[in-house]
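Take a look at the structure set out below.
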Amino acid sequence: MSVIFYGGTMRFSVMLQQLGGGMLKSMSIFALTLLFALPLGLFVSFGRMSKNKILQGAMKVYISIMRGTPLMLQLLAVYFGPYYLFGANIGGGYRFTAIIIAFSINYAAYFAEIYRSGIESMSPGQYEAARLLGYSKSSTFLKIIFPQVIKRILPSMTNEVITLIKDTSLAFSLAYAEMFTIAKQIAAKETNFMPFLVAALFYYVFNALVAFLMERLEKSMSYYT
Amino acid sequence: MALLEMNHIRKHFGGLEVIKDISLKVNEGEILSIIGPSGSGKSTMLRCATMLETIDSGEIIYNGERVAWVEPDGKKVYPKGAKMKEVGSLFGLVFQNFNLFPHYSVMKNITDPPIHNQKRGRDEVFAEARQLLKKMGLEDKENAYPCQLSGGQCQRVAIARALALNPKILFFDEPTSALDPELTGEVLKVIKSLADLHIAMVIVTHEMNFAREISDHIIFMDQGVVAVEGSAHDVFNADHARMQAFLGKLQH
Ligand SMILES: Nc1ncnc2c1ncn2[C@@H]1O[C@H](COP(=O)(O)OP(=O)(O)O)[C@@H](O)[C@H]1O
Ligand SMILES: [Mg+2]
């Protein structure tokens with residue numbers, strides 16, 4: 001059946017296999033970016049809200065650069081920067097690292113602003129009550145403030161996370177063999193549009209899965225308002 | 001010996017002097033009510049006593065020990081670390097808008113602070129919390145979340161939460177002002193019932209009948225000073241124009 005619709009010379013199963021391999025790579029960009037950017041963003045938001053004017057200013061500039069320039073450019077800068085700046089030898093091994101660094105520092109900036117909006121929306125009364133009840137500063141944040149912040153920011157986080165899935169395709173600009181790069185290669189070789197459709201379906205299913213999980217997470221916190 | 005003494009307290013916000021040389025004293029088990037028009041500095045006074053705000057001059061003495069003061073050169077001295085913990089365990093504060101932790105159940109709101117911050121035994125704390133909830137008339141609400149409760153019930157949980165830390169003195173900042181009129185009664189009744197626990201209370205309130213019944217001592221604050229003070233009888237019958245105007249306004 002599929003062979004009829006897919007007129008290329010490459011067998012459909014081989015194409016799926018190659019795209020599947022690319023999918024795994026896209027997913028690892030996605031997972032590693034979240035792993036690094038979620039905590040990093042929290043620290044950036046602390047810096048952004050710090051009383052120290054220098055730190056606060058530095059974070060403001062960092063966030064505005066990350067949000068104000070294309071991620072694709074940032075990928076190129078992180079990958080080629082070491083070579084142009086220090087003449088460092090950038091081997092193929094650095095490619096994946098560069099991608100994870102660029103994605104992480106970019107997404108950390110977006111996450112930082114989301115954390116900040118959540119933290120600043122908390123009423124001072126929660127801090128004051130916690131203080132009167134003997135909570136230390138750190139346990140006030142970890143036990144009282146942060147769980148409520150997570151609940152409040154979850155919808156905006158879901159948006160960013162879904163954008164990240166689609167953004168992983170930007171790694172093609174460093175010729176990294178994630179799913180989109182592979183789809184493009186096969187499509188060019190076979191002069192056929194089918195790989196793009198399959199790739200779109202992969203992205204779509206991945207998105208649906210993530211959206212479903214985020215919704216579950218939101219539901220699990222809906223026991224209070 | 002006085003449990004709390006605040007001497008010559010001053011506090012300003014920017015150019016606005018909110019507390020102008022106020023002194024007060026609360027003995028063990030004594031009930032002091034603070035009344036007065038809005039903006040007269042009542043909340044600020046409680047916030048200074050509970051160290052949510054720092055004083056600009058004067059001294060705060062708990063249990064005979066001076067714990068916070070301002071040096072002649074203007075340097076503010078406040079307890080830190082373990083000392084602050086020790087001082088902080090003497091007092092509790094009940095807020096106008098409760099400030100319960102919405103993500104914690106009623107039981108966890110009450111038991112988490114004694115268990116984690118006072119390192120007391122779980123079983124003992126839970127048993128005591130159940131007794132407190134019973135006293136508050138909320139024995140069936142231990143697994144509820146604050147959003148499932150009425151304002152009056154929330155305030156009673158907040159009172160139980162403060163009591164669970166066994167303070168020697170409890171401050172109330174307009175505990176019924178955020179409540180619908182039909183719910184104020186239940187909260188006032190609970191506060192009255194605390195008198196036999198023999199903890200001292202400082203209550204900022206607009207409920208004059210309540211203040212009259214419960215107070216050992218009443219302070220009428222106006223524009224940052226103590227304008228009238230004394231027993232309920234003395235204060236309510238004092239010949240003080242601004243206070244009589246204030247009382248008159250409340251009745252209408
Ligand atoms: N954090 C603050 N910053 C600036 N002004 C304040 C602050 N807190 C209170 N004030 C001002 O101090 C005055 C006394 O306030 P408050 O103690 O809340 O009065 P009350 O509780 O008697 O109504 C008011 O004029 C109020 O606007
Ligand atoms: Mg007030």
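Starting from 1 in every chain, residues are counted up; chains themselves are A, B, ... following the order of the structure tokens, and ligands are numbered from 1 as listed.
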
Residues within 12 Å of ligand 2, counting only C-alpha atoms and all ligand atoms, as a compact mmCIF listing (two decimals) with N, CA and C atoms, in the first residue's frame:
```txt
# COMPACT_ATOMS: atom_id res chain seq x y z
N VAL B 18 4.63 56.97 60.75
CA VAL B 18 3.42 56.18 60.97
C VAL B 18 3.23 55.85 62.45
N ILE B 34 -6.37 46.80 70.37
CA ILE B 34 -5.98 48.07 69.78
C ILE B 34 -7.08 48.47 68.82
N ILE B 35 -7.67 49.64 69.05
CA ILE B 35 -8.71 50.13 68.17
C ILE B 35 -8.26 51.47 67.59
N GLY B 36 -8.98 51.92 66.59
CA GLY B 36 -8.62 53.20 66.00
C GLY B 36 -8.94 53.23 64.52
N PRO B 37 -9.02 54.44 63.96
CA PRO B 37 -9.39 54.56 62.55
C PRO B 37 -8.35 53.92 61.64
N SER B 38 -8.76 53.60 60.44
CA SER B 38 -7.85 52.98 59.49
C SER B 38 -6.77 53.97 59.10
N GLY B 39 -5.54 53.47 58.99
CA GLY B 39 -4.40 54.32 58.69
C GLY B 39 -3.72 54.90 59.91
N SER B 40 -4.20 54.53 61.11
CA SER B 40 -3.61 55.12 62.32
C SER B 40 -2.34 54.41 62.76
N GLY B 41 -1.99 53.28 62.09
CA GLY B 41 -0.72 52.62 62.40
C GLY B 41 -0.86 51.34 63.20
N LYS B 42 -2.07 50.80 63.32
CA LYS B 42 -2.29 49.59 64.13
C LYS B 42 -1.55 48.38 63.55
N SER B 43 -1.74 48.16 62.26
CA SER B 43 -1.06 47.02 61.63
C SER B 43 0.45 47.17 61.73
N THR B 44 0.92 48.39 61.49
CA THR B 44 2.36 48.63 61.53
C THR B 44 2.90 48.29 62.92
N MET B 45 2.15 48.62 63.94
CA MET B 45 2.56 48.31 65.31
C MET B 45 2.70 46.79 65.49
N LEU B 46 1.72 46.02 65.01
CA LEU B 46 1.80 44.56 65.11
C LEU B 46 2.96 44.02 64.28
N ARG B 47 3.16 44.62 63.12
CA ARG B 47 4.25 44.15 62.25
C ARG B 47 5.61 44.45 62.86
N PHE B 95 -3.42 36.79 60.44
CA PHE B 95 -3.57 37.86 59.46
C PHE B 95 -5.04 38.11 59.13
N GLN B 96 -5.29 39.30 58.65
CA GLN B 96 -6.64 39.63 58.19
C GLN B 96 -7.11 38.68 57.08
N ASN B 97 -6.21 38.40 56.14
CA ASN B 97 -6.61 37.52 55.02
C ASN B 97 -6.00 36.13 55.13
N PHE B 172 -3.42 39.41 66.59
CA PHE B 172 -4.49 39.29 65.59
C PHE B 172 -4.63 40.64 64.89
N ASP B 173 -4.50 40.65 63.56
CA ASP B 173 -4.69 41.90 62.82
C ASP B 173 -6.04 41.89 62.12
N GLU B 174 -7.03 42.49 62.73
CA GLU B 174 -8.39 42.51 62.18
C GLU B 174 -8.82 41.13 61.69
N PRO B 175 -8.90 40.17 62.59
CA PRO B 175 -9.14 38.77 62.17
C PRO B 175 -10.49 38.56 61.51
N THR B 176 -11.43 39.48 61.68
CA THR B 176 -12.75 39.26 61.08
C THR B 176 -13.08 40.25 59.97
N SER B 177 -12.14 41.14 59.63
CA SER B 177 -12.47 42.19 58.66
C SER B 177 -12.68 41.68 57.24
N ALA B 178 -12.06 40.51 56.92
CA ALA B 178 -12.21 40.00 55.56
C ALA B 178 -13.41 39.06 55.45
N ILE B 203 -5.05 42.22 70.05
CA ILE B 203 -6.05 42.10 69.00
C ILE B 203 -6.39 43.47 68.41
N VAL B 204 -6.10 43.64 67.13
CA VAL B 204 -6.56 44.84 66.43
C VAL B 204 -7.93 44.51 65.88
N THR B 205 -8.93 45.29 66.24
CA THR B 205 -10.29 44.94 65.82
C THR B 205 -11.18 46.17 65.70
N HIS B 206 -12.21 46.03 64.87
CA HIS B 206 -13.25 47.06 64.79
C HIS B 206 -14.52 46.58 65.48
N MET B 221 -5.69 54.10 69.12
CA MET B 221 -4.60 54.74 68.37
C MET B 221 -5.19 55.72 67.37
```

As a ChimeraX atom specification, could you give me every residue of chain A near chain B (at most 12 Å apart, counting only C-alpha atoms)? /A:122-137,139-140,143-152,220-225

Got a sec: who's within 9 Å of Val190 in chain B, counting only C-alpha atoms, leaving out chain neighbours fewer than 2 positions off, as a short mmCIF file (atom, residue, chain, number, x, y, z; two decimals) with C-alpha atoms, in the first residue's frame?
```
data_model
loop_
_atom_site.label_atom_id
_atom_site.label_comp_id
_atom_site.auth_asym_id
_atom_site.auth_seq_id
_atom_site.Cartn_x
_atom_site.Cartn_y
_atom_site.Cartn_z
CA LYS B 135 -11.61 23.39 69.73
CA MET B 136 -12.09 25.34 66.49
CA GLY B 137 -15.12 23.24 65.58
CA ARG B 156 -10.10 29.32 62.41
CA ILE B 159 -5.66 30.45 64.43
CA GLY B 185 -19.39 35.55 65.16
CA GLU B 186 -17.86 32.08 64.86
CA VAL B 187 -14.33 33.48 64.75
CA LEU B 188 -14.86 35.88 67.65
CA LYS B 192 -12.86 34.24 73.26
CA SER B 193 -12.48 30.55 73.98
CA LEU B 194 -8.68 30.96 73.85
#
```

Run DSSP on the backbone and give me the residues of range 13-245 of chain B it puts in helix (DSSP H, G or I), as a VMD selection string. chain B and resid 42 to 49 81 to 88 106 to 117 122 to 135 139 to 141 146 to 148 151 to 163 181 to 197 208 to 214 232 to 236 241 to 245

Residue neighbourhood Leu213 in chain A, 12 Å, only C-alpha atoms, exclusion window fewer than 6 positions, as an mmCIF file with N, CA, C and O atoms, in the first residue's frame:
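This is the output file part.cif:
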```cif
data_model
loop_
_atom_site.group_PDB
_atom_site.id
_atom_site.type_symbol
_atom_site.label_atom_id
_atom_site.label_comp_id
_atom_site.auth_asym_id
_atom_site.auth_seq_id
_atom_site.Cartn_x
_atom_site.Cartn_y
_atom_site.Cartn_z
ATOM 1 N N LEU A 154 2.520 26.625 34.771
ATOM 2 C CA LEU A 154 2.465 25.433 33.938
ATOM 3 C C LEU A 154 1.891 25.687 32.535
ATOM 4 O O LEU A 154 2.447 25.194 31.557
ATOM 5 N N THR A 158 4.014 24.872 29.212
ATOM 6 C CA THR A 158 3.553 23.942 28.177
ATOM 7 C C THR A 158 3.762 24.553 26.793
ATOM 8 O O THR A 158 4.263 23.890 25.887
ATOM 9 N N VAL A 161 7.475 24.427 25.948
ATOM 10 C CA VAL A 161 7.961 23.068 25.736
ATOM 11 C C VAL A 161 7.530 22.564 24.362
ATOM 12 O O VAL A 161 8.289 21.896 23.658
ATOM 13 N N ILE A 162 6.318 22.929 23.963
ATOM 14 C CA ILE A 162 5.837 22.509 22.648
ATOM 15 C C ILE A 162 6.590 23.235 21.538
ATOM 16 O O ILE A 162 6.932 22.658 20.506
ATOM 17 N N PHE A 206 4.589 13.458 18.662
ATOM 18 C CA PHE A 206 5.446 13.812 19.788
ATOM 19 C C PHE A 206 4.812 14.978 20.571
ATOM 20 O O PHE A 206 4.709 14.954 21.801
ATOM 21 N N ASN A 207 4.367 15.976 19.824
ATOM 22 C CA ASN A 207 3.678 17.114 20.443
ATOM 23 C C ASN A 207 2.459 16.692 21.237
ATOM 24 O O ASN A 207 2.251 17.114 22.364
ATOM 25 N N LYS A 219 -3.577 18.632 35.788
ATOM 26 C CA LYS A 219 -4.702 18.028 36.520
ATOM 27 C C LYS A 219 -4.260 17.608 37.911
ATOM 28 O O LYS A 219 -4.990 17.787 38.883
ATOM 29 N N SER A 220 -3.040 17.058 37.993
ATOM 30 C CA SER A 220 -2.577 16.566 39.295
ATOM 31 C C SER A 220 -2.421 17.704 40.292
ATOM 32 O O SER A 220 -2.315 17.476 41.492
#
```

Residue nearest ligand 1 - candidates B:Lys119, B:Lys20, B:His240, B:His8, atoms counted: only C-alpha atoms and all ligand atoms: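 Using only C-alpha atoms and all ligand atoms, the shortest distance to ligand 1 belongs to B:Lys20.
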
Between CA of Asn192 in chain A and CA of Met179 in chain A, what is the distance in Å, rounded to a tenth?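 That distance, rounded to one decimal, is 16.1 Å.
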
Let's see if you can do this: from backbone DSSP, list all strand (DSSP E) residues in range 63-235 of chain B, as a ChimeraX atom specification. /B:65-70,76-77,91-94,169-173,200-204,217-222,225-230

Applying 8 Å and only C-alpha atoms, which residues near range 88-99 of chain A remain after dropping the ones on its own chain fewer than 2 positions away? List them as an mmCIF file with all heavy atoms, in the first residue's frame.
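The resulting file, part.cif, is reproduced below:
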```cif
data_model
loop_
_atom_site.group_PDB
_atom_site.id
_atom_site.type_symbol
_atom_site.label_atom_id
_atom_site.label_comp_id
_atom_site.auth_asym_id
_atom_site.auth_seq_id
_atom_site.Cartn_x
_atom_site.Cartn_y
_atom_site.Cartn_z
ATOM 1 N N ILE A 29 17.804 15.978 21.936
ATOM 2 C CA ILE A 29 17.992 17.437 22.046
ATOM 3 C C ILE A 29 16.930 18.010 22.974
ATOM 4 O O ILE A 29 17.212 18.787 23.895
ATOM 5 C CB ILE A 29 17.882 18.125 20.657
ATOM 6 C CG1 ILE A 29 18.990 17.653 19.726
ATOM 7 C CG2 ILE A 29 17.944 19.650 20.825
ATOM 8 C CD1 ILE A 29 18.859 18.189 18.305
ATOM 9 N N LEU A 75 22.812 29.225 17.458
ATOM 10 C CA LEU A 75 23.411 27.910 17.230
ATOM 11 C C LEU A 75 24.737 28.050 16.485
ATOM 12 O O LEU A 75 25.752 27.468 16.863
ATOM 13 C CB LEU A 75 22.448 27.041 16.404
ATOM 14 C CG LEU A 75 21.341 26.327 17.171
ATOM 15 C CD1 LEU A 75 20.209 25.937 16.239
ATOM 16 C CD2 LEU A 75 21.890 25.090 17.870
ATOM 17 N N VAL A 78 27.419 29.604 18.791
ATOM 18 C CA VAL A 78 27.993 28.695 19.785
ATOM 19 C C VAL A 78 28.900 27.671 19.111
ATOM 20 O O VAL A 78 29.953 27.312 19.621
ATOM 21 C CB VAL A 78 26.881 27.985 20.594
ATOM 22 C CG1 VAL A 78 27.461 26.886 21.480
ATOM 23 C CG2 VAL A 78 26.113 28.992 21.436
ATOM 24 N N TYR A 79 28.506 27.227 17.908
ATOM 25 C CA TYR A 79 29.298 26.201 17.237
ATOM 26 C C TYR A 79 30.597 26.771 16.653
ATOM 27 O O TYR A 79 31.673 26.242 16.883
ATOM 28 C CB TYR A 79 28.467 25.543 16.130
ATOM 29 C CG TYR A 79 29.180 24.392 15.467
ATOM 30 C CD1 TYR A 79 29.661 23.309 16.219
ATOM 31 C CD2 TYR A 79 29.379 24.366 14.096
ATOM 32 C CE1 TYR A 79 30.320 22.250 15.632
ATOM 33 C CE2 TYR A 79 30.037 23.305 13.476
ATOM 34 C CZ TYR A 79 30.506 22.248 14.259
ATOM 35 O OH TYR A 79 31.155 21.204 13.666
ATOM 36 N N PHE A 80 30.477 27.878 15.936
ATOM 37 C CA PHE A 80 31.671 28.422 15.267
ATOM 38 C C PHE A 80 32.440 29.423 16.112
ATOM 39 O O PHE A 80 33.598 29.706 15.833
ATOM 40 C CB PHE A 80 31.280 29.065 13.927
ATOM 41 C CG PHE A 80 30.774 28.082 12.927
ATOM 42 C CD1 PHE A 80 29.434 28.063 12.554
ATOM 43 C CD2 PHE A 80 31.640 27.142 12.353
ATOM 44 C CE1 PHE A 80 28.966 27.138 11.633
ATOM 45 C CE2 PHE A 80 31.177 26.221 11.427
ATOM 46 C CZ PHE A 80 29.829 26.209 11.073
ATOM 47 N N PRO A 82 33.956 29.410 19.089
ATOM 48 C CA PRO A 82 35.264 29.020 19.629
ATOM 49 C C PRO A 82 36.362 29.054 18.561
ATOM 50 O O PRO A 82 37.494 29.413 18.835
ATOM 51 C CB PRO A 82 35.034 27.594 20.136
ATOM 52 C CG PRO A 82 33.574 27.522 20.410
ATOM 53 C CD PRO A 82 32.919 28.421 19.397
ATOM 54 N N TYR A 83 35.992 28.710 17.332
ATOM 55 C CA TYR A 83 36.983 28.713 16.258
ATOM 56 C C TYR A 83 37.369 30.143 15.878
ATOM 57 O O TYR A 83 38.536 30.506 15.845
ATOM 58 C CB TYR A 83 36.451 27.970 15.035
ATOM 59 C CG TYR A 83 37.353 28.110 13.831
ATOM 60 C CD1 TYR A 83 38.559 27.417 13.768
ATOM 61 C CD2 TYR A 83 36.995 28.963 12.778
ATOM 62 C CE1 TYR A 83 39.404 27.571 12.680
ATOM 63 C CE2 TYR A 83 37.834 29.118 11.680
ATOM 64 C CZ TYR A 83 39.034 28.417 11.635
ATOM 65 O OH TYR A 83 39.863 28.578 10.556
ATOM 66 N N TYR A 84 36.360 30.984 15.648
ATOM 67 C CA TYR A 84 36.654 32.343 15.214
ATOM 68 C C TYR A 84 37.272 33.177 16.325
ATOM 69 O O TYR A 84 38.098 34.044 16.072
ATOM 70 C CB TYR A 84 35.371 33.019 14.694
ATOM 71 C CG TYR A 84 34.983 32.496 13.339
ATOM 72 C CD1 TYR A 84 33.794 31.822 13.150
ATOM 73 C CD2 TYR A 84 35.834 32.666 12.241
ATOM 74 C CE1 TYR A 84 33.434 31.325 11.911
ATOM 75 C CE2 TYR A 84 35.488 32.158 10.993
ATOM 76 C CZ TYR A 84 34.294 31.495 10.833
ATOM 77 O OH TYR A 84 33.963 30.997 9.612
ATOM 78 N N LEU A 85 36.865 32.921 17.569
ATOM 79 C CA LEU A 85 37.381 33.727 18.678
ATOM 80 C C LEU A 85 38.759 33.268 19.129
ATOM 81 O O LEU A 85 39.660 34.068 19.329
ATOM 82 C CB LEU A 85 36.409 33.689 19.865
ATOM 83 C CG LEU A 85 35.092 34.436 19.663
ATOM 84 C CD1 LEU A 85 34.193 34.268 20.879
ATOM 85 C CD2 LEU A 85 35.348 35.922 19.407
ATOM 86 N N PHE A 86 38.952 31.959 19.303
ATOM 87 C CA PHE A 86 40.206 31.466 19.879
ATOM 88 C C PHE A 86 40.947 30.550 18.929
ATOM 89 O O PHE A 86 41.957 29.962 19.295
ATOM 90 C CB PHE A 86 39.936 30.687 21.176
ATOM 91 C CG PHE A 86 38.882 31.305 22.039
ATOM 92 C CD1 PHE A 86 37.661 30.686 22.231
ATOM 93 C CD2 PHE A 86 39.123 32.532 22.668
ATOM 94 C CE1 PHE A 86 36.694 31.257 23.029
ATOM 95 C CE2 PHE A 86 38.157 33.099 23.466
ATOM 96 C CZ PHE A 86 36.934 32.474 23.648
ATOM 97 N N ILE A 101 24.212 23.283 24.220
ATOM 98 C CA ILE A 101 24.534 24.549 24.896
ATOM 99 C C ILE A 101 23.634 25.657 24.369
ATOM 100 O O ILE A 101 23.003 26.393 25.125
ATOM 101 C CB ILE A 101 26.026 24.924 24.697
ATOM 102 C CG1 ILE A 101 26.926 23.943 25.441
ATOM 103 C CG2 ILE A 101 26.285 26.359 25.183
ATOM 104 C CD1 ILE A 101 28.413 24.163 25.202
ATOM 105 N N ALA A 102 23.559 25.771 23.030
ATOM 106 C CA ALA A 102 22.779 26.869 22.443
ATOM 107 C C ALA A 102 21.307 26.778 22.825
ATOM 108 O O ALA A 102 20.702 27.767 23.240
ATOM 109 C CB ALA A 102 22.936 26.854 20.923
ATOM 110 N N PHE A 103 20.737 25.577 22.713
ATOM 111 C CA PHE A 103 19.330 25.413 23.092
ATOM 112 C C PHE A 103 19.126 25.721 24.573
ATOM 113 O O PHE A 103 18.150 26.382 24.948
ATOM 114 C CB PHE A 103 18.847 23.981 22.790
ATOM 115 C CG PHE A 103 18.286 23.828 21.408
ATOM 116 C CD1 PHE A 103 19.098 23.453 20.356
ATOM 117 C CD2 PHE A 103 16.945 24.061 21.160
ATOM 118 C CE1 PHE A 103 18.585 23.304 19.068
ATOM 119 C CE2 PHE A 103 16.415 23.924 19.889
ATOM 120 C CZ PHE A 103 17.239 23.548 18.833
ATOM 121 N N ALA A 171 18.335 22.441 14.507
ATOM 122 C CA ALA A 171 19.676 21.844 14.565
ATOM 123 C C ALA A 171 20.162 21.480 13.168
ATOM 124 O O ALA A 171 21.344 21.234 12.963
ATOM 125 C CB ALA A 171 19.668 20.624 15.474
ATOM 126 N N LEU A 174 23.227 23.205 11.752
ATOM 127 C CA LEU A 174 24.593 22.722 11.985
ATOM 128 C C LEU A 174 24.781 21.352 11.340
ATOM 129 O O LEU A 174 25.698 20.622 11.683
ATOM 130 C CB LEU A 174 24.881 22.631 13.487
ATOM 131 C CG LEU A 174 24.842 23.943 14.268
ATOM 132 C CD1 LEU A 174 25.358 23.720 15.685
ATOM 133 C CD2 LEU A 174 25.670 25.020 13.586
ATOM 134 N N TYR A 176 23.231 18.709 11.798
ATOM 135 C CA TYR A 176 23.143 17.605 12.740
ATOM 136 C C TYR A 176 22.018 16.689 12.286
ATOM 137 O O TYR A 176 20.938 17.154 11.906
ATOM 138 C CB TYR A 176 22.858 18.140 14.155
ATOM 139 C CG TYR A 176 22.762 17.042 15.173
ATOM 140 C CD1 TYR A 176 23.893 16.307 15.541
ATOM 141 C CD2 TYR A 176 21.552 16.722 15.771
ATOM 142 C CE1 TYR A 176 23.818 15.291 16.462
ATOM 143 C CE2 TYR A 176 21.454 15.707 16.693
ATOM 144 C CZ TYR A 176 22.602 14.986 17.036
ATOM 145 O OH TYR A 176 22.506 13.979 17.946
#
```

Counting only C-alpha atoms, what is within 9 Å of Leu38 in chain A, bar same-chain residues fewer than 4 positions away, as a VMD selection string? chain A and resid 33 to 34 42 104 107 to 108 111 to 112

Tell me, in Å to one decimal, how far CA of Ile9 in chain B is from CA of Ser215 in chain B. 22.5 Å
